[in-house]
>>> print(open('model11.csv').read())   # CSV, C-alpha atoms
chain,number,residue,atom,x,y,z
A,1,MET,CA,113.2,127.5,125.1
A,2,LEU,CA,111.5,125.3,122.5
A,3,VAL,CA,111.7,122.4,124.9
A,4,GLN,CA,110.0,124.4,127.6
A,5,GLN,CA,107.3,125.5,125.3
A,6,ALA,CA,106.7,122.0,124.0
A,7,ARG,CA,106.5,120.8,127.6
A,8,ARG,CA,103.7,123.3,128.1
A,9,GLY,CA,101.9,121.7,125.2
A,10,SER,CA,102.9,124.0,122.3
A,11,ARG,CA,102.4,122.1,119.1
A,12,ALA,CA,104.3,124.8,117.2
A,13,ALA,CA,107.3,124.4,119.5
A,14,ALA,CA,107.2,120.6,119.1
A,15,GLY,CA,106.9,121.0,115.4
A,16,GLU,CA,110.0,123.3,115.4
A,17,LEU,CA,111.9,120.7,117.4
A,18,PHE,CA,111.0,118.2,114.7
A,19,GLU,CA,112.0,120.4,111.9
A,20,ARG,CA,115.4,121.0,113.4
A,21,HIS,CA,116.2,117.5,114.5
A,22,TRP,CA,114.5,115.2,112.0
A,23,PRO,CA,117.3,115.0,109.4
A,24,ALA,CA,119.9,114.0,112.0
A,25,ALA,CA,117.6,111.5,113.7
A,26,TRP,CA,116.8,109.9,110.4
A,27,ARG,CA,120.5,109.8,109.4
A,28,ALA,CA,121.3,108.1,112.7
A,29,ALA,CA,118.6,105.5,112.2
A,30,TYR,CA,119.5,104.9,108.6
A,31,ALA,CA,123.2,104.7,109.2
A,32,ILE,CA,122.7,102.0,111.8
A,33,THR,CA,119.8,100.0,110.3
A,34,GLY,CA,120.6,100.4,106.6
A,35,ARG,CA,117.0,100.3,105.6
A,36,ARG,CA,114.9,103.4,104.7
A,37,ASP,CA,111.6,102.0,105.8
A,38,VAL,CA,113.0,100.9,109.2
A,39,ALA,CA,114.9,104.2,109.6
A,40,GLU,CA,111.8,106.3,109.2
A,41,ASP,CA,110.0,104.2,111.8
A,42,VAL,CA,112.9,104.2,114.2
A,43,ALA,CA,113.4,108.0,113.9
A,44,GLN,CA,109.7,108.6,114.2
A,45,ASP,CA,109.5,106.4,117.3
A,46,GLY,CA,112.5,108.2,118.8
A,47,PHE,CA,110.8,111.5,118.4
A,48,GLU,CA,107.6,110.3,119.9
A,49,ARG,CA,109.4,108.8,122.9
A,50,ALA,CA,111.5,111.9,123.4
A,51,LEU,CA,108.5,114.2,123.2
A,52,ARG,CA,106.4,112.1,125.5
A,53,ALA,CA,109.2,112.1,128.1
A,54,LEU,CA,109.8,115.9,128.0
A,55,ASP,CA,108.7,116.1,131.6
A,56,ARG,CA,111.8,114.1,132.6
A,57,PHE,CA,114.1,116.1,130.4
A,58,ASP,CA,116.4,118.7,131.9
A,59,PRO,CA,115.7,121.8,129.8
A,60,ARG,CA,119.1,123.3,130.6
A,61,ARG,CA,120.7,120.5,128.5
A,62,PRO,CA,120.6,120.3,124.7
A,63,PHE,CA,117.8,118.3,123.2
A,64,ALA,CA,119.8,116.7,120.4
A,65,PRO,CA,122.0,114.3,122.4
A,66,TRP,CA,119.0,113.1,124.3
A,67,LEU,CA,117.1,112.4,121.1
A,68,HIS,CA,120.1,110.8,119.5
A,69,ARG,CA,120.6,108.5,122.5
A,70,ILE,CA,117.0,107.3,122.1
A,71,VAL,CA,117.2,106.9,118.4
A,72,VAL,CA,120.6,105.0,118.4
A,73,ASN,CA,119.5,102.7,121.1
A,74,ARG,CA,116.2,102.1,119.4
A,75,ALA,CA,117.9,101.3,116.1
A,76,LEU,CA,120.2,98.8,117.8
A,77,ASP,CA,117.3,97.2,119.6
A,78,VAL,CA,115.4,96.9,116.3
A,79,ILE,CA,118.3,95.1,114.7
A,80,ARG,CA,118.5,92.7,117.6
A,81,LYS,CA,114.8,92.0,117.3
A,82,ASP,CA,115.0,91.7,113.6
A,83,ARG,CA,117.5,88.8,113.9
A,84,ARG,CA,114.9,87.0,116.0
A,85,LEU,CA,112.2,87.6,113.3
A,86,VAL,CA,114.3,86.4,110.4
A,87,ALA,CA,116.1,83.7,112.1
A,88,LEU,CA,114.4,81.0,110.0
A,89,ASP,CA,115.3,82.6,106.7
A,90,ASP,CA,118.4,83.2,104.7
A,91,VAL,CA,118.1,87.0,105.0
A,92,PRO,CA,121.6,88.5,105.3
A,93,GLU,CA,122.2,90.4,108.5
A,94,THR,CA,124.2,93.2,106.9
A,95,PRO,CA,122.2,96.3,106.0
A,96,MET,CA,121.2,97.1,102.5
A,97,TRP,CA,121.8,100.8,101.9
A,98,ASP,CA,120.6,101.9,98.5
A,99,VAL,CA,123.9,103.7,97.8
A,100,ALA,CA,125.4,105.2,94.7
A,101,ASP,CA,128.2,103.4,92.9
A,102,ASP,CA,130.9,105.9,93.9
A,103,ALA,CA,133.4,106.5,96.7
A,104,ASP,CA,130.7,107.4,99.2
A,105,GLY,CA,128.7,104.4,98.3
A,106,ALA,CA,131.8,102.2,98.8
A,107,MET,CA,132.3,103.7,102.2
A,108,LEU,CA,128.7,103.0,103.2
A,109,ALA,CA,129.0,99.5,101.8
A,110,ALA,CA,132.1,99.0,104.0
A,111,LEU,CA,130.2,100.5,107.0
A,112,ALA,CA,127.5,97.8,106.5
A,113,VAL,CA,130.1,95.1,107.2
A,114,LEU,CA,130.8,96.4,110.7
A,115,THR,CA,128.8,95.2,113.7
A,116,PRO,CA,125.8,97.4,114.6
A,117,GLU,CA,127.6,98.5,117.8
A,118,ARG,CA,130.6,99.8,115.8
A,119,ARG,CA,128.4,101.4,113.2
A,120,ALA,CA,126.7,103.2,116.1
A,121,VAL,CA,129.9,104.8,117.4
A,122,CYS,CA,131.0,105.6,113.9
A,123,LEU,CA,127.7,107.4,113.2
A,124,LEU,CA,127.9,109.3,116.5
A,125,ARG,CA,131.6,110.3,115.9
A,126,TYR,CA,131.7,111.0,112.2
A,127,GLY,CA,128.0,111.5,111.3
A,128,LEU,CA,126.9,113.6,114.2
A,129,GLY,CA,130.2,115.0,115.5
A,130,TYR,CA,130.2,113.8,119.1
A,131,ALA,CA,133.5,113.5,121.0
A,132,PRO,CA,134.3,110.0,122.4
A,133,ALA,CA,133.5,111.1,125.9
A,134,GLU,CA,130.1,112.3,124.8
A,135,ILE,CA,129.5,109.0,122.9
A,136,ALA,CA,130.4,107.1,126.1
A,137,ASP,CA,127.8,109.1,128.0
A,138,LEU,CA,125.2,108.6,125.3
A,139,LEU,CA,125.7,104.9,125.1
A,140,ASP,CA,126.5,104.2,128.7
A,141,LEU,CA,129.9,102.8,127.8
A,142,PRO,CA,133.4,103.4,129.2
A,143,VAL,CA,135.3,105.9,127.2
A,144,GLY,CA,138.0,103.2,126.5
A,145,THR,CA,135.4,101.0,124.9
A,146,VAL,CA,134.4,103.8,122.6
A,147,HIS,CA,138.0,104.5,121.6
A,148,SER,CA,138.6,100.8,120.9
A,149,ARG,CA,135.4,100.4,118.9
A,150,LEU,CA,136.3,103.5,116.8
A,151,ALA,CA,139.8,102.2,116.2
A,152,ARG,CA,138.7,98.8,115.2
A,153,ALA,CA,135.9,100.2,113.0
A,154,LEU,CA,138.4,102.5,111.2
A,155,ALA,CA,140.8,99.6,110.7
A,156,ASP,CA,138.0,97.4,109.3
A,157,LEU,CA,136.8,100.2,107.0
A,158,ARG,CA,140.3,100.8,105.7
A,159,THR,CA,140.6,97.1,104.9
A,160,GLN,CA,137.3,97.1,103.2
A,161,ILE,CA,138.0,100.2,101.2
A,162,GLU,CA,141.4,99.0,100.1
A,163,ALA,CA,139.9,95.7,99.0
A,164,THR,CA,137.6,97.5,96.7
A,165,ASP,CA,140.4,99.6,95.3
A,166,VAL,CA,138.4,102.8,95.6
A,167,VAL,CA,140.7,104.6,97.9
B,1,MET,CA,145.5,107.1,105.8
B,2,SER,CA,143.4,107.2,108.9
B,3,SER,CA,142.5,110.9,108.5
B,4,ASP,CA,141.6,110.2,104.9
B,5,CYS,CA,139.4,107.4,105.9
B,6,GLU,CA,137.8,109.5,108.5
B,7,ALA,CA,137.2,112.3,106.0
B,8,ARG,CA,135.6,110.0,103.6
B,9,LEU,CA,133.4,108.5,106.3
B,10,ILE,CA,132.3,112.0,107.4
B,11,ARG,CA,131.4,112.8,103.8
B,12,ALA,CA,129.5,109.6,103.2
B,13,LEU,CA,127.5,109.9,106.3
B,14,ALA,CA,126.7,113.6,105.6
B,15,GLY,CA,125.2,112.4,102.3
B,16,LEU,CA,122.5,110.4,104.1
B,17,THR,CA,119.5,112.7,103.9
B,18,PRO,CA,115.9,111.8,104.6
B,19,PRO,CA,113.4,111.7,101.7
B,20,PRO,CA,111.7,115.2,101.7
B,21,THR,CA,108.3,113.7,101.1
B,22,ALA,CA,108.4,111.8,104.4
B,23,ALA,CA,109.1,114.7,106.7
B,24,ALA,CA,105.7,116.3,106.6
B,25,ARG,CA,103.9,113.0,107.0
B,26,VAL,CA,106.0,111.9,109.9
B,27,ARG,CA,105.8,115.3,111.5
B,28,ALA,CA,102.0,115.2,111.4
B,29,THR,CA,102.0,111.7,112.8
B,30,VAL,CA,104.4,112.5,115.6
B,31,LEU,CA,102.5,115.6,116.7
B,32,ALA,CA,99.1,113.9,116.5
B,33,SER,CA,100.5,111.0,118.5
B,34,VAL,CA,102.3,113.0,121.2
B,35,MET,CA,100.9,116.4,121.8
B,36,PRO,CA,98.3,116.7,124.6
B,37,SER,CA,95.3,118.0,122.7
B,38,ARG,CA,95.2,115.1,120.3
B,39,ARG,CA,96.2,112.6,122.9
B,40,ARG,CA,93.2,113.4,125.1
B,41,GLY,CA,91.0,113.2,122.1
B,42,ARG,CA,92.2,109.8,121.3
B,43,ALA,CA,91.8,108.6,124.9
B,44,ARG,CA,88.2,109.8,124.8
B,45,ALA,CA,87.7,108.0,121.5
B,46,VAL,CA,88.9,104.7,123.0
B,47,GLY,CA,86.7,105.0,126.1
B,48,GLY,CA,83.8,106.8,124.5
B,49,GLY,CA,82.0,104.0,122.9
B,50,LEU,CA,83.9,103.4,119.7
B,51,LEU,CA,84.7,99.9,121.0
B,52,ALA,CA,81.2,99.1,121.9
B,53,ALA,CA,81.1,96.4,119.3
B,54,ALA,CA,84.8,95.9,119.0
B,55,THR,CA,86.7,92.8,118.3
B,56,ILE,CA,89.3,92.3,121.1
B,57,THR,CA,92.2,90.0,121.2
B,58,ALA,CA,94.6,89.4,124.0
B,59,GLY,CA,98.1,87.9,123.8
B,60,ALA,CA,98.8,84.2,124.3
B,61,GLY,CA,99.9,83.1,127.7
B,62,MET,CA,97.7,85.5,129.5
B,63,ALA,CA,95.6,84.5,132.4
B,64,ALA,CA,92.0,84.6,131.3
B,65,THR,CA,90.2,87.4,133.0
B,66,GLY,CA,86.8,88.8,132.5
B,67,ASN,CA,85.4,87.8,129.1
B,68,LEU,CA,88.7,87.7,127.3
B,69,VAL,CA,89.9,84.2,126.2
B,70,PRO,CA,93.5,83.6,125.3
B,71,GLY,CA,94.1,83.4,121.6
B,72,MET,CA,90.5,83.8,120.7
B,73,ARG,CA,88.4,86.6,119.3
B,74,GLN,CA,85.0,87.5,120.4
B,75,SER,CA,82.7,90.4,120.5
B,76,ALA,CA,82.8,92.2,123.8
B,77,VAL,CA,81.5,95.3,125.4
B,78,ALA,CA,84.4,97.7,125.6
B,79,PRO,CA,85.9,98.6,128.9
B,80,PRO,CA,86.4,102.4,129.5
B,81,ASP,CA,90.0,101.9,128.4
B,82,LEU,CA,91.9,99.1,126.9
B,83,VAL,CA,93.3,97.2,129.9
B,84,VAL,CA,96.0,94.6,129.4
B,85,PRO,CA,95.0,91.4,131.2
B,86,VAL,CA,97.3,90.0,133.9
B,87,GLY,CA,100.0,87.9,132.2
B,88,ALA,CA,99.4,89.2,128.7
B,89,PRO,CA,101.9,91.4,126.9
B,90,ALA,CA,99.3,93.4,125.1
B,91,VAL,CA,95.7,93.6,124.1
B,92,THR,CA,94.4,94.6,120.6
B,93,ALA,CA,91.1,95.9,119.4
B,94,LEU,CA,89.6,96.7,116.1
B,95,ALA,CA,87.1,99.5,116.0
B,96,GLY,CA,86.0,102.4,113.9
B,97,GLY,CA,88.3,101.3,111.1
B,98,ARG,CA,91.3,101.4,113.3
B,99,ALA,CA,93.4,98.9,115.2
B,100,TRP,CA,94.4,99.6,118.7
B,101,VAL,CA,97.2,98.0,120.6
B,102,ALA,CA,97.7,98.6,124.3
B,103,THR,CA,100.8,97.2,125.8
B,104,ILE,CA,101.9,96.3,129.3
B,105,ALA,CA,104.3,99.2,129.1
B,106,GLY,CA,101.4,101.5,129.2
B,107,GLU,CA,101.5,102.6,125.6
B,108,THR,CA,98.7,102.6,123.1
B,109,ILE,CA,99.2,102.7,119.4
B,110,SER,CA,96.6,103.0,116.8
B,111,ARG,CA,96.5,102.9,113.0
B,112,PRO,CA,93.9,102.5,110.3
B,113,ALA,CA,93.4,98.8,109.8
B,114,SER,CA,90.9,96.2,108.6
B,115,ALA,CA,92.4,93.4,110.8
B,116,VAL,CA,94.9,93.0,113.6
B,117,GLU,CA,96.4,90.1,115.4
B,118,LEU,CA,99.2,89.6,118.0
B,119,SER,CA,101.9,87.1,117.4
B,120,PRO,CA,101.8,84.1,119.8
B,121,ALA,CA,104.4,85.4,122.1
B,122,GLY,CA,103.1,88.9,121.9
B,123,LEU,CA,106.4,90.3,120.4
B,124,PHE,CA,104.8,91.5,117.2
B,125,VAL,CA,101.5,92.5,115.8
B,126,ALA,CA,100.2,92.1,112.3
B,127,PHE,CA,97.9,94.7,110.8
B,128,GLY,CA,95.8,94.3,107.7
B,129,GLU,CA,94.9,97.3,105.6
B,130,ARG,CA,93.7,98.0,102.1
B,131,GLY,CA,96.6,97.2,99.9
B,132,ALA,CA,99.1,95.8,102.5
B,133,LEU,CA,99.8,93.4,105.3
B,134,VAL,CA,102.0,95.0,107.9
B,135,ALA,CA,104.1,93.4,110.7
B,136,ALA,CA,105.2,95.7,113.5
B,137,GLU,CA,106.5,95.7,117.0
B,138,LEU,CA,104.2,96.4,119.8
B,139,ASP,CA,105.3,100.0,120.0
B,140,GLY,CA,104.3,100.5,116.3
B,141,VAL,CA,107.7,100.3,114.6
B,142,VAL,CA,107.0,98.6,111.3
B,143,ARG,CA,109.2,95.6,110.6
B,144,TRP,CA,107.9,94.9,107.1
B,145,ARG,CA,105.0,95.7,104.8
B,146,THR,CA,104.0,93.5,101.9
B,147,PRO,CA,101.7,94.7,99.2
B,148,VAL,CA,98.3,93.0,98.9
B,149,ASP,CA,95.9,93.1,96.0
B,150,GLY,CA,92.8,93.8,98.0
B,151,GLU,CA,91.9,94.3,101.7
B,152,VAL,CA,93.1,92.0,104.5
B,153,VAL,CA,90.1,91.0,106.5
B,154,GLN,CA,91.5,88.1,108.7
B,155,ILE,CA,94.9,87.3,110.1
B,156,ALA,CA,96.1,84.2,111.9
B,157,TRP,CA,99.7,83.7,113.2
B,158,ALA,CA,100.9,80.1,113.3
B,159,PRO,CA,101.5,78.8,116.9
B,160,TYR,CA,105.2,79.1,116.3
B,161,PRO,CA,105.5,82.4,114.6
B,162,THR,CA,107.0,81.1,111.4
B,163,TYR,CA,103.9,81.7,109.2
B,164,ILE,CA,101.0,84.1,109.0
B,165,ALA,CA,97.8,83.1,107.2
B,166,TYR,CA,95.6,85.9,106.1
B,167,VAL,CA,92.4,86.4,104.0
B,168,VAL,CA,92.2,89.0,101.3
B,169,ARG,CA,88.9,90.4,100.0
B,170,ARG,CA,89.1,91.4,96.4
B,171,GLY,CA,86.1,92.1,94.2
B,172,GLY,CA,83.6,90.3,96.4
B,173,ARG,CA,85.8,87.2,96.6
B,174,HIS,CA,88.3,86.1,99.2
B,175,ASP,CA,91.6,84.4,98.9
B,176,LEU,CA,93.6,82.6,101.6
B,177,ARG,CA,97.3,83.5,101.6
B,178,VAL,CA,100.3,82.4,103.7
B,179,ILE,CA,103.4,84.4,104.2
B,180,TRP,CA,106.5,83.7,106.2
B,181,ALA,CA,106.7,85.8,109.4
B,182,ASN,CA,109.7,87.7,108.1
B,183,GLY,CA,107.6,89.0,105.3
B,184,ARG,CA,108.9,86.8,102.6
B,185,HIS,CA,107.5,83.9,100.5
B,186,ASP,CA,104.0,85.3,100.2
B,187,ARG,CA,101.8,82.9,98.3
B,188,ARG,CA,98.1,82.1,97.7
B,189,VAL,CA,96.9,78.9,99.2
B,190,ALA,CA,93.3,78.9,98.1
B,191,ARG,CA,90.8,80.9,96.1
B,192,ASP,CA,87.2,81.6,97.0
B,193,VAL,CA,87.3,81.1,100.7
B,194,ALA,CA,84.9,82.4,103.4
B,195,PRO,CA,86.0,85.6,105.2
B,196,THR,CA,86.4,83.7,108.4
B,197,ARG,CA,89.6,83.5,110.4
B,198,PRO,CA,91.7,80.4,109.5
B,199,HIS,CA,93.0,78.2,112.2
B,200,TRP,CA,96.5,76.7,112.5
B,201,ARG,CA,96.7,73.3,114.1
B,202,SER,CA,99.4,73.2,116.8
B,203,ASP,CA,100.2,69.6,116.3
B,204,THR,CA,100.8,69.3,112.5
B,205,GLY,CA,101.0,72.9,111.4
B,206,ALA,CA,98.2,72.3,109.0
B,207,LEU,CA,95.8,75.2,108.3
B,208,ASP,CA,92.0,74.8,108.6
B,209,TYR,CA,89.7,77.2,106.8
B,210,VAL,CA,86.2,77.5,105.4
B,211,GLY,CA,85.6,77.5,101.7
B,212,ALA,CA,83.2,79.8,100.0
B,213,ASP,CA,80.8,76.8,99.8
B,214,GLY,CA,80.7,76.6,103.6
B,215,ARG,CA,82.7,73.4,103.8
B,216,ALA,CA,85.7,73.1,106.0
B,217,TRP,CA,89.0,72.5,104.3
B,218,THR,CA,92.6,71.9,105.3
B,219,TRP,CA,95.8,73.0,103.8
B,220,GLU,CA,98.7,70.7,104.4
B,221,ARG,CA,102.1,72.4,104.0
B,222,GLU,CA,104.0,69.2,103.5
B,223,PRO,CA,103.0,68.0,101.0
B,224,ASP,CA,101.3,71.1,99.5
B,225,ILE,CA,97.7,69.9,99.2
B,226,LEU,CA,94.2,71.0,99.9
B,227,ARG,CA,91.7,68.5,101.1
B,228,PRO,CA,88.2,68.6,102.7
B,229,ARG,CA,88.4,68.9,106.5
B,230,SER,CA,86.4,65.7,107.0
B,231,GLU,CA,88.9,63.4,105.3
>>> encode(input="model11.csv", output="structure tokens")
Amino acid sequence: MLVQQARRGSRAAAGELFERHWPAAWRAAYAITGRRDVAEDVAQDGFERALRALDRFDPRRPFAPWLHRIVVNRALDVIRKDRRLVALDDVPETPMWDVADDADGAMLAALAVLTPERRAVCLLRYGLGYAPAEIADLLDLPVGTVHSRLARALADLRTQIEATDVV
Amino acid sequence: MSSDCEARLIRALAGLTPPPTAAARVRATVLASVMPSRRRGRARAVGGGLLAAATITAGAGMAATGNLVPGMRQSAVAPPDLVVPVGAPAVTALAGGRAWVATIAGETISRPASAVELSPAGLFVAFGERGALVAAELDGVVRWRTPVDGEVVQIAWAPYPTYIAYVVRRGGRHDLRVIWANGRHDRRVARDVAPTRPHWRSDTGALDYVGADGRAWTWEREPDILRPRSE
């Protein structure tokens, strides 16, 4: 209903869509990029792209997966471009979450060591609650690839966490 | 162990919450950018004469069409809309206190700015504003922002986008600064320069600029020296 109203030009409906979906969109962008300033821009850009393309959106489907697909792919794209921009410097490619020095912070620090693609499937599975089949659909990947990325990501996280003696 | 790891991961990710102060600002920006009423208003602003005395810059590598010259700035009468020349990735304009970037993808972004310049390959755009120099992608996603003590009035990307030179106005004087294209290693190269656009030499990478005394100067990066342009 909100999507249909927004398609008809309702600013109130578009604003309500933003209120409902902004936290998850920002979390997705931040979990993948690891930078607050970039996360805000990526999530904002995702919203703008999603709202501009409402005419192509099937209103019978939920809005969130569509938005999350845009944001996640945008975040991955930004990371790839970022590598080009910083290629001449010694900037580390791992994200720099400003995390607390506790178990959650240790987990996020371990997450930062994963490849962006593995971080993305971890975020979609454990941060946004999608099933592997849904993740495969969102990222245009075979389900088997999603399962293998999740398994390898969890194995890497366990190794990292055990190395820090937090778990 | 795996389920414990998964539970910890769920908890850690759930703790990632956006700063509350940003939501209202981003919401307003998104709605102003996307919703039809504002969008039409912006389009009218672009075509309605704001650009009558605009500075327009097109990306490098473009085929020169009309009165646009690759890599150069010039005053021009505005077209009804910003049209990306054939072969160029984007075109930028500075008008009414805002920078406008129209891309080949058909998108137009705009933000308050005192200067704007495309990178040589047209992958990025640098904006100057009061208090900051900003590098962004062509769709507006900001890659970095570095604080500036003053207002950026001129920007010049090096031919290979390793450096950005920019001129900052502060208290009636202008400083020439150079920063790496990744937003690091910002430094002042010269004090009291003229507010004209510096020029990178494609052969040596030296930077030519005009001093406040009207004389041409050159900054050599290796070794780090300033010398009169005529020498």
>>> interface_residues(input="model11.csv", of="chain A", to="chain B", cutoff="8 Å", atoms="all atoms listed in the file", output="VMD selection string")
chain A and resid 9 to 11 14 to 15 18 22 to 23 26 to 27 30 to 31 37 to 38 41 to 42 44 to 45 47 to 48 51 to 52 82 85 to 86 88 to 89 104 to 105 107 to 108 123 126 to 127 154 157 to 158
>>> write_last_selection(input="model11.csv", atoms="C-alpha atoms", output="compact mmCIF listing (two decimals), in the coordinates of the input")
# COMPACT_ATOMS: atom_id res chain seq x y z
CA GLY A 9 101.90 121.70 125.20
CA SER A 10 102.90 124.00 122.30
CA ARG A 11 102.40 122.10 119.10
CA ALA A 14 107.20 120.60 119.10
CA GLY A 15 106.90 121.00 115.40
CA PHE A 18 111.00 118.20 114.70
CA TRP A 22 114.50 115.20 112.00
CA PRO A 23 117.30 115.00 109.40
CA TRP A 26 116.80 109.90 110.40
CA ARG A 27 120.50 109.80 109.40
CA TYR A 30 119.50 104.90 108.60
CA ALA A 31 123.20 104.70 109.20
CA ASP A 37 111.60 102.00 105.80
CA VAL A 38 113.00 100.90 109.20
CA ASP A 41 110.00 104.20 111.80
CA VAL A 42 112.90 104.20 114.20
CA GLN A 44 109.70 108.60 114.20
CA ASP A 45 109.50 106.40 117.30
CA PHE A 47 110.80 111.50 118.40
CA GLU A 48 107.60 110.30 119.90
CA LEU A 51 108.50 114.20 123.20
CA ARG A 52 106.40 112.10 125.50
CA ASP A 82 115.00 91.70 113.60
CA LEU A 85 112.20 87.60 113.30
CA VAL A 86 114.30 86.40 110.40
CA LEU A 88 114.40 81.00 110.00
CA ASP A 89 115.30 82.60 106.70
CA ASP A 104 130.70 107.40 99.20
CA GLY A 105 128.70 104.40 98.30
CA MET A 107 132.30 103.70 102.20
CA LEU A 108 128.70 103.00 103.20
CA LEU A 123 127.70 107.40 113.20
CA TYR A 126 131.70 111.00 112.20
CA GLY A 127 128.00 111.50 111.30
CA LEU A 154 138.40 102.50 111.20
CA LEU A 157 136.80 100.20 107.00
CA ARG A 158 140.30 100.80 105.70
>>> atom_distance(input="model11.csv", atom1="CA of Val71 (chain A)", atom2="CA of Ala153 (chain A)")
20.6 Å
>>> atom_distance(input="model11.csv", atom1="CA of Leu118 (chain B)", atom2="CA of Gly106 (chain B)")
16.5 Å
>>> atom_distance(input="model11.csv", atom1="CA of Ala112 (chain A)", atom2="CA of Thr33 (chain A)")
8.9 Å
>>> closest_residue(input="model11.csv", among="A:Ala131, A:Ala43, A:Ile161, A:Ala75", to="Ala106 (chain A)", atoms="all atoms listed in the file")
A:Ile161
>>> residues_near_point(input="model11.csv", point="(105.6, 78.7, 120.6)", cutoff="8 Å", atoms="all atoms listed in the file", output="PDB file with C-alpha atoms, in the coordinates of the input")
ATOM      1  CA  PRO B 120     101.800  84.100 119.800  1.00  0.00           C
ATOM      2  CA  ALA B 121     104.400  85.400 122.100  1.00  0.00           C
ATOM      3  CA  PRO B 159     101.500  78.800 116.900  1.00  0.00           C
ATOM      4  CA  TYR B 160     105.200  79.100 116.300  1.00  0.00           C
ATOM      5  CA  PRO B 161     105.500  82.400 114.600  1.00  0.00           C
TER       6      PRO B 161
END
>>> build_atoms(input="model11.csv", residues="region 30-46 of chain A", atoms="N, CA and C atoms", output="compact mmCIF listing (two decimals), in the coordinates of the input")
# COMPACT_ATOMS: atom_id res chain seq x y z
N TYR A 30 119.15 105.51 109.86
CA TYR A 30 119.50 104.90 108.60
C TYR A 30 120.90 104.35 108.57
N ALA A 31 121.83 105.11 109.19
CA ALA A 31 123.20 104.70 109.20
C ALA A 31 123.38 103.37 109.97
N ILE A 32 122.55 103.17 110.96
CA ILE A 32 122.70 102.00 111.80
C ILE A 32 121.89 100.80 111.21
N THR A 33 120.66 101.07 110.77
CA THR A 33 119.80 100.00 110.30
C THR A 33 120.05 99.65 108.82
N GLY A 34 120.39 100.65 108.02
CA GLY A 34 120.60 100.40 106.60
C GLY A 34 119.39 100.23 105.78
N ARG A 35 118.22 100.49 106.35
CA ARG A 35 117.00 100.30 105.60
C ARG A 35 116.12 101.57 105.76
N ARG A 36 115.68 102.10 104.64
CA ARG A 36 114.90 103.40 104.70
C ARG A 36 113.62 103.22 105.43
N ASP A 37 112.89 102.14 105.18
CA ASP A 37 111.60 102.00 105.80
C ASP A 37 111.75 101.88 107.35
N VAL A 38 112.76 101.11 107.75
CA VAL A 38 113.00 100.90 109.20
C VAL A 38 113.52 102.24 109.78
N ALA A 39 114.38 102.93 109.06
CA ALA A 39 114.90 104.20 109.60
C ALA A 39 113.86 105.20 109.87
N GLU A 40 112.91 105.29 108.97
CA GLU A 40 111.80 106.30 109.20
C GLU A 40 111.03 105.91 110.44
N ASP A 41 110.74 104.62 110.60
CA ASP A 41 110.00 104.20 111.80
C ASP A 41 110.77 104.41 113.06
N VAL A 42 112.06 104.09 113.01
CA VAL A 42 112.90 104.20 114.20
C VAL A 42 113.01 105.70 114.59
N ALA A 43 113.27 106.55 113.62
CA ALA A 43 113.40 108.00 113.90
C ALA A 43 112.11 108.56 114.41
N GLN A 44 111.02 108.17 113.78
CA GLN A 44 109.70 108.60 114.20
C GLN A 44 109.44 108.17 115.66
N ASP A 45 109.74 106.92 115.91
CA ASP A 45 109.50 106.40 117.30
C ASP A 45 110.38 107.12 118.27
N GLY A 46 111.62 107.44 117.88
CA GLY A 46 112.50 108.20 118.80
C GLY A 46 111.92 109.54 119.13
